[in-house]
$ cat query31.cif   # mmCIF, C-alpha atoms
data_entry
loop_
_atom_site.label_atom_id
_atom_site.label_comp_id
_atom_site.auth_asym_id
_atom_site.auth_seq_id
_atom_site.Cartn_x
_atom_site.Cartn_y
_atom_site.Cartn_z
CA MET A 1361 10.37 -17.56 -17.99
CA ARG A 1362 6.60 -17.96 -18.08
CA TYR A 1363 4.09 -18.12 -15.26
CA ARG A 1364 0.54 -19.31 -15.67
CA ARG A 1365 -1.94 -16.46 -15.53
CA ALA A 1366 -4.38 -17.14 -12.71
CA LEU A 1367 -6.00 -15.51 -9.73
CA LEU A 1368 -4.24 -16.34 -6.49
CA SER A 1369 -6.18 -16.57 -3.26
CA VAL A 1370 -3.47 -16.40 -0.62
CA PRO A 1371 -4.18 -16.88 3.10
CA SER A 1372 -3.59 -13.75 5.14
CA ASP A 1373 -2.52 -13.35 8.74
CA LEU A 1374 -5.30 -10.80 9.00
CA GLY A 1375 -7.96 -13.46 8.57
CA GLY A 1376 -9.68 -14.77 5.45
CA SER A 1377 -7.83 -14.47 2.17
CA THR A 1378 -6.68 -11.73 -0.15
CA LEU A 1379 -7.33 -11.98 -3.86
CA PHE A 1380 -4.27 -11.06 -5.90
CA PRO A 1381 -4.47 -10.05 -9.56
CA SER A 1382 -3.18 -12.17 -12.41
CA VAL A 1383 0.00 -10.27 -13.16
CA GLN A 1384 2.68 -12.92 -13.47
CA ALA A 1385 5.39 -11.81 -15.87
CA GLU A 1386 6.05 -13.61 -19.12
CA ARG A 1387 9.66 -13.65 -20.28
CA ASP A 1388 11.14 -10.20 -19.54
CA ASP A 1389 7.87 -8.24 -19.38
CA ASP A 1390 7.28 -5.90 -16.46
CA ALA A 1391 4.21 -7.27 -14.68
CA ARG A 1392 3.41 -3.84 -13.25
CA VAL A 1393 2.50 -2.44 -16.69
CA GLY A 1394 -0.32 -4.85 -17.49
CA ASP A 1395 -1.52 -4.78 -13.90
CA ALA A 1396 -1.79 -0.97 -13.97
CA ARG A 1397 -3.80 -1.07 -17.21
CA ARG A 1398 -6.23 -3.61 -15.80
CA PHE A 1399 -6.53 -1.64 -12.58
CA VAL A 1400 -7.40 1.62 -14.36
CA THR A 1401 -9.97 -0.21 -16.50
CA GLU A 1402 -11.58 -1.76 -13.40
CA ILE A 1403 -11.85 1.62 -11.66
CA GLU A 1404 -13.42 3.12 -14.78
CA ASN A 1405 -15.89 0.21 -14.91
CA MET A 1406 -16.75 0.82 -11.25
CA VAL A 1407 -17.60 4.44 -12.12
CA ILE A 1408 -19.81 3.27 -15.00
CA ARG A 1409 -21.65 0.84 -12.71
CA ALA A 1410 -22.06 3.52 -10.04
CA ARG A 1411 -23.61 5.94 -12.52
CA ALA A 1412 -25.99 3.18 -13.60
CA GLY A 1413 -27.26 2.84 -10.04
CA GLY A 1414 -24.68 0.46 -8.66
CA PRO A 1415 -22.62 0.88 -5.48
CA PRO A 1416 -20.12 3.78 -5.32
CA PRO A 1417 -16.47 2.96 -6.13
CA ARG A 1418 -14.68 1.84 -3.01
CA LEU A 1419 -11.48 -0.13 -2.61
CA ASP A 1420 -10.44 -1.03 0.91
CA ARG A 1421 -7.62 -3.34 -0.19
CA ILE A 1422 -5.34 -2.76 -3.21
CA ALA A 1423 -2.71 -5.29 -4.28
CA GLY A 1424 0.40 -4.45 -6.29
CA PRO A 1425 3.10 -6.67 -7.84
CA ASP A 1426 6.80 -6.26 -8.34
CA ARG A 1427 8.14 -6.30 -11.90
CA THR A 1428 8.36 -10.12 -11.95
CA GLY A 1429 4.80 -10.62 -10.76
CA THR A 1430 5.94 -12.97 -8.00
CA ALA A 1431 6.03 -10.56 -5.04
CA PHE A 1432 2.83 -8.83 -3.90
CA ALA A 1433 1.95 -6.18 -1.35
CA VAL A 1434 -1.47 -5.04 -0.16
CA VAL A 1435 -2.34 -1.55 1.10
CA ASP A 1436 -5.57 0.09 2.17
CA ALA A 1437 -7.33 2.89 0.30
CA VAL A 1438 -4.85 5.53 1.46
CA GLY A 1439 -1.71 3.44 0.91
CA ARG A 1440 -1.09 2.09 4.40
CA PHE A 1441 0.62 -1.30 4.58
CA VAL A 1442 -1.69 -4.28 5.10
CA ASP A 1443 -0.05 -7.52 3.92
CA LEU A 1444 2.57 -9.26 1.76
CA SER A 1445 2.69 -12.47 -0.27
CA LEU A 1446 4.97 -14.38 -2.62
CA HIS A 1447 3.96 -16.45 -5.64
CA PRO A 1448 5.46 -19.98 -5.61
CA GLY A 1449 7.69 -18.93 -8.55
CA TRP A 1450 9.49 -16.25 -6.54
CA TRP A 1451 12.55 -18.40 -5.90
CA ALA A 1452 13.32 -18.68 -9.63
CA ALA A 1453 12.28 -15.11 -10.50
CA LEU A 1454 13.88 -13.27 -7.57
CA GLY A 1455 15.82 -15.63 -5.39
CA PRO A 1456 17.13 -14.75 -1.92
CA ALA A 1457 19.29 -11.94 -3.31
CA ARG A 1458 16.42 -9.92 -4.79
CA VAL A 1459 13.33 -10.93 -2.84
CA ALA A 1460 13.58 -8.09 -0.29
CA ALA A 1461 13.83 -5.49 -3.05
CA GLY A 1462 10.94 -7.21 -4.85
CA LEU A 1463 8.69 -6.92 -1.81
CA LEU A 1464 9.50 -3.20 -1.45
CA GLU A 1465 8.85 -2.72 -5.18
CA ALA A 1466 5.47 -4.41 -4.80
CA LEU A 1467 4.66 -2.13 -1.86
CA ALA A 1468 5.55 0.93 -3.95
CA THR A 1469 3.31 -0.33 -6.77
CA ALA A 1470 0.36 -0.89 -4.46
CA ARG A 1471 0.76 2.60 -2.98
CA LEU A 1472 0.95 4.15 -6.42
CA LYS A 1473 -2.28 2.38 -7.42
CA ALA A 1474 -3.98 3.69 -4.27
CA ALA A 1475 -2.88 7.22 -5.20
CA LEU A 1476 -4.24 6.78 -8.72
CA VAL A 1477 -7.81 6.05 -7.62
CA PRO A 1478 -8.91 9.62 -6.73
CA MET A 1479 -7.21 10.98 -9.87
CA ILE A 1480 -9.05 8.50 -12.08
CA LEU A 1481 -12.35 9.35 -10.40
CA ARG A 1482 -11.78 13.08 -10.83
CA ARG A 1483 -10.89 12.57 -14.49
CA HIS A 1484 -14.28 10.96 -15.00
CA GLY A 1485 -16.06 13.67 -13.03
CA TYR A 1486 -17.04 11.34 -10.21
CA GLN A 1487 -17.20 12.72 -6.69
CA LEU A 1488 -16.95 10.22 -3.84
CA LEU A 1489 -19.36 10.67 -0.94
CA PRO A 1490 -17.70 11.28 2.44
CA ARG A 1491 -16.89 8.07 4.30
CA GLU A 1492 -18.23 7.41 7.75
CA GLY A 1493 -16.28 9.46 10.27
CA GLU A 1494 -15.19 12.14 7.79
CA ALA A 1495 -15.84 15.83 8.51
CA PRO A 1496 -19.25 17.19 7.47
CA PRO A 1497 -19.54 20.11 5.01
CA ALA A 1498 -18.11 23.38 6.33
CA LEU A 1499 -20.42 25.72 8.21
CA ARG A 1500 -20.81 29.36 7.18
CA PRO A 1501 -20.80 32.47 9.43
CA GLY A 1502 -24.21 32.82 11.01
CA ASP A 1503 -24.92 29.07 10.97
CA ASP A 1504 -25.67 27.40 14.27
CA GLY A 1505 -22.48 26.01 15.73
CA PHE A 1506 -20.19 28.11 13.53
CA LEU A 1507 -18.11 29.50 16.44
CA ASP A 1508 -17.66 26.09 18.04
CA ALA A 1509 -16.66 24.62 14.69
CA ALA A 1510 -14.18 27.48 14.12
CA ARG A 1511 -12.56 26.93 17.51
CA GLY A 1512 -12.29 23.25 16.73
CA ARG A 1513 -10.63 24.00 13.38
CA ILE A 1514 -8.12 26.32 15.08
CA ALA A 1515 -7.26 23.66 17.67
CA GLU A 1516 -6.86 21.11 14.88
CA ALA A 1517 -4.59 23.52 12.96
CA TYR A 1518 -2.31 23.86 16.00
CA ARG A 1519 -2.21 20.08 16.35
CA LEU A 1520 -1.23 19.72 12.69
CA ILE A 1521 1.53 22.29 13.12
CA ASP A 1522 2.89 20.36 16.11
CA ASP A 1523 2.73 17.11 14.13
CA ALA A 1524 4.55 18.72 11.20
CA ASP A 1525 7.28 19.96 13.55
CA LYS A 1526 7.74 16.45 14.94
CA ARG A 1527 7.92 15.02 11.43
CA LEU A 1528 10.58 17.54 10.43
CA ARG A 1529 12.67 16.61 13.46
CA GLY A 1530 12.22 12.91 12.80
CA ARG A 1531 12.84 13.07 9.07
CA GLN A 1532 16.58 12.61 9.47
CA ALA A 1533 16.27 9.84 12.04
CA VAL A 1534 17.29 6.42 10.71
CA ARG A 1535 15.42 3.37 11.95
CA VAL A 1536 16.56 -0.20 11.38
CA VAL A 1537 13.97 -2.86 12.16
CA ALA A 1538 14.71 -6.59 12.04
CA GLY A 1539 12.25 -9.45 12.07
CA PRO A 1540 12.09 -11.73 15.13
CA ARG A 1541 13.18 -14.75 13.06
CA GLY A 1542 16.33 -13.03 11.83
CA LEU A 1543 15.44 -13.39 8.14
CA PHE A 1544 14.45 -9.86 7.07
CA ARG A 1545 15.59 -6.35 7.93
CA ALA A 1546 14.68 -2.89 6.63
CA GLN A 1547 16.04 0.60 7.08
CA ALA A 1548 13.87 3.72 7.02
CA ARG A 1549 14.64 7.41 7.25
CA GLY A 1550 11.69 9.35 8.57
CA GLY A 1551 8.64 7.83 6.90
CA ARG A 1552 10.48 6.44 3.86
CA ILE A 1553 11.85 2.89 3.63
CA GLU A 1554 15.27 3.21 2.03
CA ARG A 1555 16.32 -0.42 1.76
CA ALA A 1556 15.51 -3.95 2.83
CA GLU A 1557 17.54 -7.13 2.87
CA VAL A 1558 17.46 -10.80 3.68
CA THR A 1559 19.72 -11.39 6.67
CA ALA A 1560 20.11 -15.17 6.67
CA VAL A 1561 20.71 -18.02 4.27
CA LEU A 1562 17.34 -19.11 2.84
CA VAL A 1563 15.98 -22.28 1.31
CA PRO A 1564 12.72 -22.51 -0.71
CA GLY A 1565 10.90 -23.87 2.33
CA ASP A 1566 11.52 -20.63 4.23
CA THR A 1567 8.86 -18.67 2.32
CA ASP A 1568 6.30 -18.50 5.13
CA ARG A 1569 8.93 -17.62 7.75
CA LEU A 1570 10.39 -14.93 5.49
CA LEU A 1571 6.96 -13.41 4.89
CA ALA A 1572 6.18 -13.44 8.60
CA ASP A 1573 9.41 -11.55 9.30
CA ALA A 1574 8.80 -9.07 6.48
CA ARG A 1575 5.22 -8.42 7.66
CA HIS A 1576 6.48 -7.78 11.17
CA VAL A 1577 9.15 -5.34 9.96
CA LEU A 1578 6.86 -3.35 7.66
CA ALA A 1579 4.11 -3.21 10.26
CA GLN A 1580 6.61 -1.86 12.79
CA LEU A 1581 7.86 0.78 10.36
CA ALA A 1582 4.29 1.78 9.53
CA ARG A 1583 3.62 2.21 13.24
CA CYS A 1584 6.77 4.30 13.66
CA ARG A 1585 5.71 6.46 10.72
CA LYS A 1586 2.43 7.31 12.49
CA GLU A 1587 4.31 8.20 15.67
CA ILE A 1588 6.77 10.63 14.04
#
$ encode --input "query31.cif" --output "structure tokens"
Amino acid sequence: MRYRRALLSVPSDLGGSTLFPSVQAERDDDARVGDARRFVTEIENMVIRARAGGPPPRLDRIAGPDRTGTAFAVVDAVGRFVDLSLHPGWWAALGPARVAAGLLEALATARLKAALVPMILRRHGYQLLPREGEAPPALRPGDDGFLDAARGRIAEAYRLIDDADKRLRGRQAVRVVAGPRGLFRAQARGGRIERAEVTAVLVPGDTDRLLADARHVLAQLARCRKEI
């Protein structure tokens, strides 16, 4: 099965549109392979442009496909869920039986790409500048404000310990979240989504409703993950 290679500008519930890469699979190829190669090349080109005086590399939205190239997920720079989409050919490539797994596969791909960015930059010896809101360089003993900064670090360490304890307790907890339209459901254990499934009989015209349900479910699970 072939899909025309083209850039897809798909409307997003978050406003505006999200540009998805041309990664549609041809025959039995895994669309993730070519997409990963193009992604690495683009990051490397961003480093080259930055060294030539261009803007520093920064990706706020990263899209990833499933193996068929018909399901897409979008995450932010640190891998947090942002959005989902389906290419019009998803019904033939995935169908109702595999579309839920395809969306989760796309989410895993997008998160993997987000994790690759800092590794690629380090490999090329490029150091990103701190983003707005990030901690300033560490103070040294004798610097003005050192004691206050140290107390703040200790308080933050205790908070992190408490958060880690909560995560350990919640790691075994199983959450099942269903969409309000009754079309999509996912199960997560701790912060990891273990499975997802379509929970109603679908027709091709249900694409938008299915995506709305899936977005709702994944957004809810992402929120639960932050609260653990």
$ closest_residue --input "query31.cif" --among "A:Arg1421, A:Arg1483, A:Arg1458, A:Arg1575" --to "Ala1538 in chain A" --atoms "all atoms listed in the file"
A:Arg1575
$ resolve_selection --input "query31.cif" --expression "the PyMOL selection byres ((chain A and resi 1545) around 9)" --output "ChimeraX atom specification"
/A:1460,1536-1539,1542-1544,1546-1547,1555-1559,1573-1574,1577
$ atom_distance --input "query31.cif" --atom1 "CA of Leu1581 in chain A" --atom2 "CA of Ala1533 in chain A"
12.5 Å
$ residues_around --input "query31.cif" --residues "range 1466-1480 of chain A" --least-positions-apart "2" --cutoff "6 Å" --atoms "all atoms listed in the file" --output "ChimeraX atom specification"
/A:1423-1426,1432-1433,1437,1439,1463-1464,1482-1483
$ closest_residue --input "query31.cif" --among "A:Val1407, A:Cys1584, A:Ala1391, A:Leu1446" --to "Thr1428 in chain A" --atoms "all atoms listed in the file"
A:Ala1391
$ closest_residue --input "query31.cif" --among "A:His1484, A:Leu1571, A:His1576, A:Pro1416" --to "Glu1404 in chain A" --atoms "all atoms listed in the file"
A:His1484
$ atom_distance --input "query31.cif" --atom1 "CA of Leu1562 in chain A" --atom2 "CA of Arg1427 in chain A"
21.6 Å
$ closest_residue --input "query31.cif" --among "A:Ser1445, A:Thr1401, A:Thr1567, A:Gln1580" --to "Gly1429 in chain A" --atoms "all atoms listed in the file"
A:Ser1445
$ resolve_selection --input "query31.cif" --expression "the PyMOL selection byres ((chain A and resi 1405) around 12)" --output "NGL selection string"
:A and (1398-1404 or 1406-1412 or 1414-1417 or 1480-1481 or 1484)
$ resolve_selection --input "query31.cif" --expression "the PyMOL selection byres ((chain A and resi 1564) around 10)" --output "NGL selection string"
:A and (1448-1452 or 1455-1456 or 1562-1563 or 1565-1568)
